[in-house]
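Structure first, then comments.
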Amino acid sequence: MWMTGAQVNIVIAAGGTGGHLYPAIALAKEFQRQDRENMVTFIGSGKQLENSILAHEGFSVAHIHVKGIVGRGLWASLKNVCLLPKAVWQSMKILRDRSADLVIGTGGYFSPPVVCAAALLKIRRIIMEPNAVPGLANRVVGPIADRVFLAFDGAKHYFHEAKVRVVGTPVREEFFRETTARQQGGKDTLLVFGGSQGAKAINTAVIDALKASSIMRETFAVIHQTGEVDHERVKAAYASSGVDVEVVPFLYDMPQVLQAATLVVARSGAGTLAELAVCGKPSILVPYPHATHNHQEHNARAVEQTGAAVVILEAELTGQRLAHEIERLMSHPERLGEMGAKSFAGRKVDATALMIQECRDLMNAMV
């Protein structure tokens, strides 16, 4: 039973990218805020960015050896399937060592071994699916999950109706702190980021747009998260451009930066969209074209339909096209304001609290 003052041990499978990590971190922080006795451990891949994010947020991480299956080619997929039994065994050992009371899977190829291990050990287990079209991992473990938390109502039919709760995507508390859009030297702030790992296509298009558009250069101070791999190239490209820009591989202070932005150019991962909504930011979204089941385009189109964003497919993305869209928005500030208001109207402020209450109810009901 979950009681205040009694330690609850929670294990979260959330490896790989910031898109999987940050909603889980929001949930983990709220678990600990509600009761400092609660212990949270992450299971991940051991990748440098993942370790860095979790260390920065103050969480410990254990590792399992597992690789993705979708989109790897037949031979590689078969080899990676063979890793799953060992990954389940590794997960069972971690869950026993941590005396886990609750297991949370966030999707991605790390979730199935951990959720399966929890089922074998009869530990309560939930999954989080923040995308408009669920990924294969969550579809696979959906039948053995006790609860399925969704962000999009349209994803319900992929799972057993009695298990589903449509609650939104958890967002870190820092994003809810109000900050007015900042100006640097009289300029508005353009925030560019292609997810936690960056996006070369977005990086290149933004550089080309800024070089081509004197209006953009005069209007904006730019904060550009490039990703580690593309950082030096982007930094060098800006060096002689005359653009007022801050170029960084990764933004640990994203809540403060996003709150201060006037306009955002970004991918359309579910976590990013939830953060944009909480902050009420207008955006130009460039979906990652190789996302499983094309879920990023589905996510982006759902936001576009509300009037909160403009969508440019990567195949159609050029510096000229991007500059045209940005100039058009900035020349109609009333539309930019309407987009921000519609973005804000789509936020779900209670997603984290609803998830935790459901977890409490689940654990108390199963005693």
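In the structure tokens, the first chain shown is A, the next is B, and so on; residue numbers restart at 1 for each chain, and ligands run from 1 in the order shown.
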
Run DSSP on the backbone and grab whatever in range 83-117 of chain A lands in strand (DSSP E or B); send it over as number ranges by chain. A: 102-105

Sel. of alpha helix (DSSP H) residues, range 85-262 of chain A, as an MDAnalysis selection string: chainID A and resid 85:97 111:120 136:141 200:212 214:219 231:238 254:260

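Of the listed residues A:Ala260, A:Ile356, A:Val286, A:Leu317, the one whose atoms come nearest to Phe175 in chain A is A:Ala260, with distances taken using only C-alpha atoms.
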
Between CA of Gln90 in chain A and CA of His20 in chain A, distance in Å (one decimal):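 So the two atoms, CA of Gln90 in chain A and CA of His20 in chain A, lie 20.6 Å apart.
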
Exercise for review: Take CA of Thr219 in chain A and CA of Leu276 in chain A and report the distance between them in Å, one decimal.
Suggested key: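 Calculated distance between CA of Thr219 in chain A and CA of Leu276 in chain A is 21.3 Å.
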
Original post:
Which is closest to Phe220 in chain A among A:Ala137, A:Ile326, A:Val164, A:Ala266, if we use only C-alpha atoms?
Top reply: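 Under the stated criterion, the closest residue is A:Ile326.
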
Pick out the residues sitting within 10 Å of range 106-108 of chain A, and hand them over as a list of chain:residue names; count only C-alpha atoms, and ignore anything fewer than 6 positions along from it in its own chain.
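Near range 106-108 of chain A, the qualifying residues are A:Ile12, A:Ala13, A:Ala14, A:Gly15, A:Gly16, A:Thr17, A:Gly19, A:His20, A:Leu21, A:Pro23, A:Ala24, A:Lys67, A:Gly68, A:Val115, A:Ile126, A:Ile127, A:Met128, A:Glu129, A:Pro130, A:Asn131, A:Pro134, A:Gly135, A:Leu136, A:Ala137, A:Asn138, A:Arg139, A:Val141, A:Phe149, A:Thr292.
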
Quiz item: If you count only C-alpha atoms, which residues fall within 12 Å of Glu228 in chain A, apart from same-chain ones fewer than 5 positions away, as a PyMOL selection string?
Solution: chain A and resi 48-49+193-200+233-235+247-251

Suppose we keep N, CA and C atoms; can you now write the selection as a CSV table (one decimal), in the first residue's frame?
```csv
chain,number,residue,atom,x,y,z
A,48,GLN,N,26.0,8.9,-23.2
A,48,GLN,CA,26.6,10.0,-22.5
A,48,GLN,C,25.6,11.1,-22.2
A,49,LEU,N,24.7,11.4,-23.2
A,49,LEU,CA,23.7,12.5,-23.0
A,49,LEU,C,22.7,12.1,-21.9
A,193,PHE,N,15.8,24.4,-31.7
A,193,PHE,CA,16.3,23.1,-31.2
A,193,PHE,C,15.7,21.9,-31.9
A,194,GLY,N,16.5,21.0,-32.2
A,194,GLY,CA,16.0,19.8,-33.0
A,194,GLY,C,16.0,18.6,-32.1
A,195,GLY,N,15.4,18.8,-30.9
A,195,GLY,CA,15.4,17.7,-29.9
A,195,GLY,C,16.8,17.6,-29.2
A,196,SER,N,16.9,16.7,-28.2
A,196,SER,CA,18.1,16.7,-27.4
A,196,SER,C,19.3,16.4,-28.1
A,197,GLN,N,19.2,15.7,-29.3
A,197,GLN,CA,20.4,15.3,-30.1
A,197,GLN,C,20.6,16.2,-31.3
A,198,GLY,N,19.8,17.2,-31.4
A,198,GLY,CA,19.9,18.1,-32.5
A,198,GLY,C,19.3,17.6,-33.8
A,199,ALA,N,19.3,18.4,-34.8
A,199,ALA,CA,18.8,18.0,-36.1
A,199,ALA,C,19.6,18.8,-37.2
A,200,LYS,N,20.4,18.1,-38.0
A,200,LYS,CA,21.2,18.7,-39.0
A,200,LYS,C,20.4,19.5,-40.0
A,233,ARG,N,30.3,22.6,-36.5
A,233,ARG,CA,29.9,23.0,-37.8
A,233,ARG,C,29.0,24.2,-37.8
A,234,VAL,N,28.0,24.2,-36.9
A,234,VAL,CA,27.0,25.3,-36.8
A,234,VAL,C,27.7,26.5,-36.3
A,235,LYS,N,28.5,26.3,-35.3
A,235,LYS,CA,29.2,27.5,-34.7
A,235,LYS,C,30.1,28.2,-35.7
A,247,VAL,N,25.2,29.8,-29.5
A,247,VAL,CA,25.2,28.4,-30.1
A,247,VAL,C,25.6,27.5,-29.0
A,248,VAL,N,24.8,26.5,-28.6
A,248,VAL,CA,25.2,25.5,-27.6
A,248,VAL,C,24.8,24.1,-28.1
A,249,PRO,N,25.6,23.1,-27.6
A,249,PRO,CA,25.2,21.7,-28.0
A,249,PRO,C,23.9,21.3,-27.3
A,250,PHE,N,23.7,21.7,-26.0
A,250,PHE,CA,22.5,21.3,-25.3
A,250,PHE,C,22.2,22.4,-24.3
A,251,LEU,N,20.9,22.5,-24.1
A,251,LEU,CA,20.4,23.5,-23.1
A,251,LEU,C,19.8,22.9,-21.9
```

If you count only C-alpha atoms, the residue of A:Ile43, A:His63, A:Glu57, A:Lys156 closest to Ile104 in chain A turns out to be A:Ile43

So that I can see what lies close to range 212-218 of chain A, please list as a PyMOL selection string the residues with an atom at most 9 Å from it, counting only C-alpha atoms and leaving out residues fewer than 5 positions away in the same chain. chain A and resi 187+207+242-244+319-320+323-324+326-327+330

Which residues are near Leu313 in chain A? Cut-off 9 Å, only C-alpha atoms, ignore same chain within fewer than 6 positions. Put them as a JSON list (two decimals) with C-alpha atoms, in the first residue's frame.
```
[["chain", "number", "residue", "atom", "x", "y", "z"],
["A", 285, "LEU", "CA", 7.50, 22.46, -36.38],
["A", 286, "VAL", "CA", 9.68, 20.23, -38.56],
["A", 287, "PRO", "CA", 8.73, 16.60, -37.82],
["A", 288, "TYR", "CA", 11.51, 14.03, -37.73],
["A", 289, "PRO", "CA", 10.76, 12.06, -40.93],
["A", 297, "GLU", "CA", 4.12, 14.32, -38.21]]
```

Practice problem: Tell me, as an MDAnalysis selection string, which residues lie within 9 Å of Met92 in chain A, counting only C-alpha atoms; anything in the same chain fewer than 5 positions away does not count. | Solution: chainID A and resid 87 97 113:114 116:118 120:121

Store the residues picked out above in a file with C-alpha atoms, as an mmCIF file, in the first residue's frame.
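Output (part.cif):
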```cif
data_model
loop_
_atom_site.group_PDB
_atom_site.id
_atom_site.type_symbol
_atom_site.label_atom_id
_atom_site.label_comp_id
_atom_site.auth_asym_id
_atom_site.auth_seq_id
_atom_site.Cartn_x
_atom_site.Cartn_y
_atom_site.Cartn_z
ATOM 1 C CA ALA A 87 17.776 -7.761 -20.954
ATOM 2 C CA ASP A 97 17.967 -5.110 -5.961
ATOM 3 C CA PRO A 113 12.345 -5.864 -21.080
ATOM 4 C CA VAL A 114 11.713 -3.844 -17.918
ATOM 5 C CA CYS A 116 8.109 -7.785 -18.855
ATOM 6 C CA ALA A 117 10.437 -8.267 -15.885
ATOM 7 C CA ALA A 118 7.952 -6.422 -13.674
ATOM 8 C CA LEU A 120 7.184 -11.802 -14.111
ATOM 9 C CA LEU A 121 7.902 -10.461 -10.617
#
```

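Coordinates place CA of Thr41 in chain A at a distance of 7.9 Å from CA of Asn9 in chain A.
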